[in-house]
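Below is one structure, written out as structure tokens, with a few remarks after it.
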Amino acid sequence: MSSIENILVLGAGELGTEILLSLAQHPALSSKTNISVLLRPSSIASPGPSKAAELERLKAYNITLVPADISTSSQSTLSSLFSAYDTIISATGFSAGRGTQLKLARAVLDARVPRYIPWQFGVDYDTIGRGSAQDLFDEQLDVRDMLRSQDRTKWVIISTGMFTSFLFERAFGVVDADKSVVTALGSWENRVTVTAPADIGRVTAEIAFSESFGDPDNIVYVAGDTVSYGRVADILESVMGRAFDRQLRSVDAAKRDLAQEPENGLFKYQIVFGEGRGVAWNAEETWNAQRGMHLQTAEEWARENLV
């Protein structure tokens with residue numbers, strides 16, 4: 001798309017790096033297109049060994065490193081920086097702190113950036129609604145309200161469900177491979193949509209370079225897979241060749257635990273996913289499925305990473 005000349009990605013964590021690499025290798029990339037990534041000055045000046053190798057990899061793809069700290073920079077400072085770009089993609093999530101998503105959206109709109117993909121790679125916040133157990137979600141709805149209230153900046157929200165890897169992490173509370181236990185949240189029929197970061201990067205690049213960016217849909221749904229917790233247990237038994245104990249974690253139990261530990265983010269997520277609203281959509285009806293774009297399934301991820 002010839003009108004895209006300057007793309008800025010905010011952050012180069014697990015997702016940001018995949019987005020950057022997908023952008024840099026996209027067939028629509030032209031000699032006039034410049035890709036940059038915004039990183040904390042300390043990450044550029046004094047990176048650890050693994051980070052240094054990662055930055056060298058990005059430089060090899062002619063990706064420019066831009067020093068700035070989102071958490072300490074004012075909205076006006078960010079707006080001034082953003083004004084040099086025609087496309088901004090945020091890969092900076094909740095770890096950046098409360099208020100960050102709103103500050104970024106305001107800065108993008110103040111800078112009159114033509115295209116914006118905010119960090120909303122996750123669940124369907126509209127369906128979940130305000131006042132959920134995970135109070136950070138309300139800010140995501142504030143960002144959506146802000147974007148919808150204007151028509152100068154085109155925007156696309158890419159709903160991906162959770163990272164596939166997180167579903168299998170013991171910290172989430174569903175899979176404990178070492179103990180051969182799968183715990184369903186809410187019910188065994190409850191479903192969850194998952195997508196791998198590498199695939200999210202591919203999809204984001206496709207959308208960023210699309211000539212119909214934001215038209216007609218501002219919100220697109222993608223999925224590597226949508227699986228019930230029962231299906232997760234079946235996958236693990238098939239992949240690992242042993243039986244898994246099946247336990248149930250009720251929403252009431254998670255709520256009781258949250259009442260005892262009000263700041264426990266794990267319990268907040270378990271309640272939301274246990275309620276099962278806005279966390280899953282039919283994989284065959286997604287943006288990628290309609291385009292014949294295969295993304296890694298939960299079983300494919302498990303066979304690649306757990307065996």
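Each chain in the structure tokens gets a letter, A, B and so on, in the order shown; residues start at 1 in every chain, and ligands are counted from 1 in the order they appear.
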
If we count only C-alpha atoms, what is near Pro114 (chain A) at a cut-off of 8 Å, once residues fewer than 4 positions away on the same chain are taken out, given as a ChimeraX atom specification?
-> /A:86-87,152-154

Enumerate as a ChimeraX atom specification all residues of region 121-295 of chain A assigned to strand (DSSP E) by DSSP on the backbone, naming them with the chain letters and numbers the document uses.
-> /A:154-155,157-159,162-163,175-176,181-185,191-195,219-221,225-228,245-249

DSSP on the backbone: what in region 97-288 of chain A comes out helix (DSSP H, G or I), as an mmCIF file with C-alpha atoms, in the first residue's frame?
```
data_model
loop_
_atom_site.group_PDB
_atom_site.id
_atom_site.type_symbol
_atom_site.label_atom_id
_atom_site.label_comp_id
_atom_site.auth_asym_id
_atom_site.auth_seq_id
_atom_site.Cartn_x
_atom_site.Cartn_y
_atom_site.Cartn_z
ATOM 1 C CA THR A 100 -1.273 3.676 29.614
ATOM 2 C CA GLN A 101 -3.730 2.509 26.943
ATOM 3 C CA LEU A 102 -5.756 5.691 27.287
ATOM 4 C CA LYS A 103 -2.650 7.880 27.190
ATOM 5 C CA LEU A 104 -1.463 6.171 24.033
ATOM 6 C CA ALA A 105 -4.853 6.499 22.330
ATOM 7 C CA ARG A 106 -5.093 10.196 23.214
ATOM 8 C CA ALA A 107 -1.567 10.804 21.951
ATOM 9 C CA VAL A 108 -2.327 9.008 18.674
ATOM 10 C CA LEU A 109 -5.508 11.014 18.122
ATOM 11 C CA ASP A 110 -3.862 14.318 19.074
ATOM 12 C CA TYR A 125 -14.284 -6.465 25.746
ATOM 13 C CA ASP A 126 -17.583 -5.212 24.308
ATOM 14 C CA THR A 127 -19.307 -8.512 25.064
ATOM 15 C CA ILE A 128 -17.764 -8.816 28.527
ATOM 16 C CA PHE A 137 -10.766 -4.365 31.011
ATOM 17 C CA ASP A 138 -12.767 -1.174 31.613
ATOM 18 C CA GLU A 139 -9.874 0.901 30.295
ATOM 19 C CA GLN A 140 -9.980 -1.080 27.069
ATOM 20 C CA LEU A 141 -13.627 -0.072 26.710
ATOM 21 C CA ASP A 142 -12.678 3.567 27.365
ATOM 22 C CA VAL A 143 -10.200 3.331 24.482
ATOM 23 C CA ARG A 144 -12.891 1.905 22.208
ATOM 24 C CA ASP A 145 -15.277 4.705 23.131
ATOM 25 C CA MET A 146 -12.587 7.257 22.336
ATOM 26 C CA LEU A 147 -11.790 5.735 18.952
ATOM 27 C CA ARG A 148 -15.456 5.440 18.044
ATOM 28 C CA THR A 164 -1.927 -20.192 23.026
ATOM 29 C CA SER A 165 1.067 -20.726 25.293
ATOM 30 C CA PHE A 166 -0.692 -19.085 28.240
ATOM 31 C CA LEU A 167 -3.495 -21.644 28.143
ATOM 32 C CA PHE A 168 -0.909 -24.345 28.835
ATOM 33 C CA ARG A 170 0.615 -23.709 34.999
ATOM 34 C CA ALA A 171 0.304 -20.104 36.244
ATOM 35 C CA PHE A 172 -3.052 -19.721 34.478
ATOM 36 C CA PRO A 197 1.991 -14.648 18.911
ATOM 37 C CA ALA A 198 3.738 -15.515 15.630
ATOM 38 C CA ASP A 199 0.339 -15.868 13.974
ATOM 39 C CA ILE A 200 -0.914 -12.648 15.531
ATOM 40 C CA GLY A 201 2.128 -10.983 13.993
ATOM 41 C CA ARG A 202 1.238 -12.361 10.560
ATOM 42 C CA VAL A 203 -2.382 -11.259 10.824
ATOM 43 C CA THR A 204 -1.422 -7.798 12.088
ATOM 44 C CA ALA A 205 0.942 -7.268 9.159
ATOM 45 C CA GLU A 206 -1.762 -8.339 6.693
ATOM 46 C CA ILE A 207 -4.221 -5.887 8.204
ATOM 47 C CA ALA A 208 -1.680 -3.066 8.478
ATOM 48 C CA TYR A 229 -11.622 -27.305 28.505
ATOM 49 C CA GLY A 230 -12.733 -30.858 27.844
ATOM 50 C CA ARG A 231 -11.011 -30.683 24.466
ATOM 51 C CA VAL A 232 -7.849 -29.348 26.163
ATOM 52 C CA ALA A 233 -7.789 -32.435 28.383
ATOM 53 C CA ASP A 234 -8.308 -34.700 25.372
ATOM 54 C CA ILE A 235 -5.449 -32.989 23.508
ATOM 55 C CA LEU A 236 -3.070 -33.416 26.421
ATOM 56 C CA GLU A 237 -3.919 -37.090 26.869
ATOM 57 C CA SER A 238 -3.408 -37.707 23.156
ATOM 58 C CA VAL A 239 -0.181 -35.716 22.868
ATOM 59 C CA MET A 240 1.444 -36.872 26.099
ATOM 60 C CA VAL A 251 -16.686 -19.193 39.386
ATOM 61 C CA ASP A 252 -17.898 -18.978 42.995
ATOM 62 C CA ALA A 253 -14.674 -20.547 44.250
ATOM 63 C CA ALA A 254 -12.596 -18.066 42.256
ATOM 64 C CA LYS A 255 -14.715 -15.207 43.594
ATOM 65 C CA ARG A 256 -14.206 -16.366 47.165
ATOM 66 C CA ASP A 257 -10.457 -16.493 46.615
ATOM 67 C CA LEU A 258 -10.486 -13.031 45.036
ATOM 68 C CA ALA A 259 -12.337 -11.652 48.050
ATOM 69 C CA GLN A 260 -9.443 -12.864 50.188
ATOM 70 C CA GLY A 265 -4.845 -10.962 38.836
ATOM 71 C CA LEU A 266 -4.974 -14.722 38.342
ATOM 72 C CA PHE A 267 -8.259 -14.998 40.217
ATOM 73 C CA LYS A 268 -9.682 -12.091 38.200
ATOM 74 C CA TYR A 269 -8.902 -13.868 34.949
ATOM 75 C CA GLN A 270 -10.239 -17.181 36.225
ATOM 76 C CA ILE A 271 -13.578 -15.533 37.008
ATOM 77 C CA VAL A 272 -13.819 -13.924 33.555
ATOM 78 C CA PHE A 273 -12.915 -17.107 31.719
ATOM 79 C CA GLY A 274 -15.060 -19.190 34.056
ATOM 80 C CA GLU A 275 -18.064 -17.022 33.224
ATOM 81 C CA ALA A 283 -12.829 -20.365 14.600
ATOM 82 C CA GLU A 284 -14.476 -21.156 11.270
ATOM 83 C CA GLU A 285 -16.089 -17.687 11.150
ATOM 84 C CA TRP A 287 -11.098 -13.180 9.624
ATOM 85 C CA ASN A 288 -8.291 -15.645 8.972
#
```

Which of A:Val174, A:Met162, A:Ile4, A:Ala133 sits closest to Gly186 (chain A) [using only C-alpha atoms] | A:Val174

Leaving out Leu38 (chain A) and any residue of its chain fewer than 2 positions from it, which residues lie within 12 Å of it when counting only C-alpha atoms, given as a PyMOL selection string?
-> chain A and resi 7-13+16-17+20+35-36+40-44+55+63-70+78+81-82+85+88-92

Quick one: pull the distance between CA of Ala289 (chain A) and CA of Thr33 (chain A), Å, one decimal.
->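 One can read the CA of Ala289 (chain A) to CA of Thr33 (chain A) distance as 28.3 Å.
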
A:Val182, A:Ala24, A:Leu29, A:Val192: which is nearest Ala280 (chain A), counting only C-alpha atoms?
->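 Looking at the shortest contact to Ala280 (chain A), the residue is A:Val192.
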
Smallest atom-to-atom distance to Ile157 (chain A): which of A:Ala111, A:Ala96, A:Ile219, A:Val181, using only C-alpha atoms?
->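 For Ile157 (chain A), the nearest of the candidates is A:Ile219.
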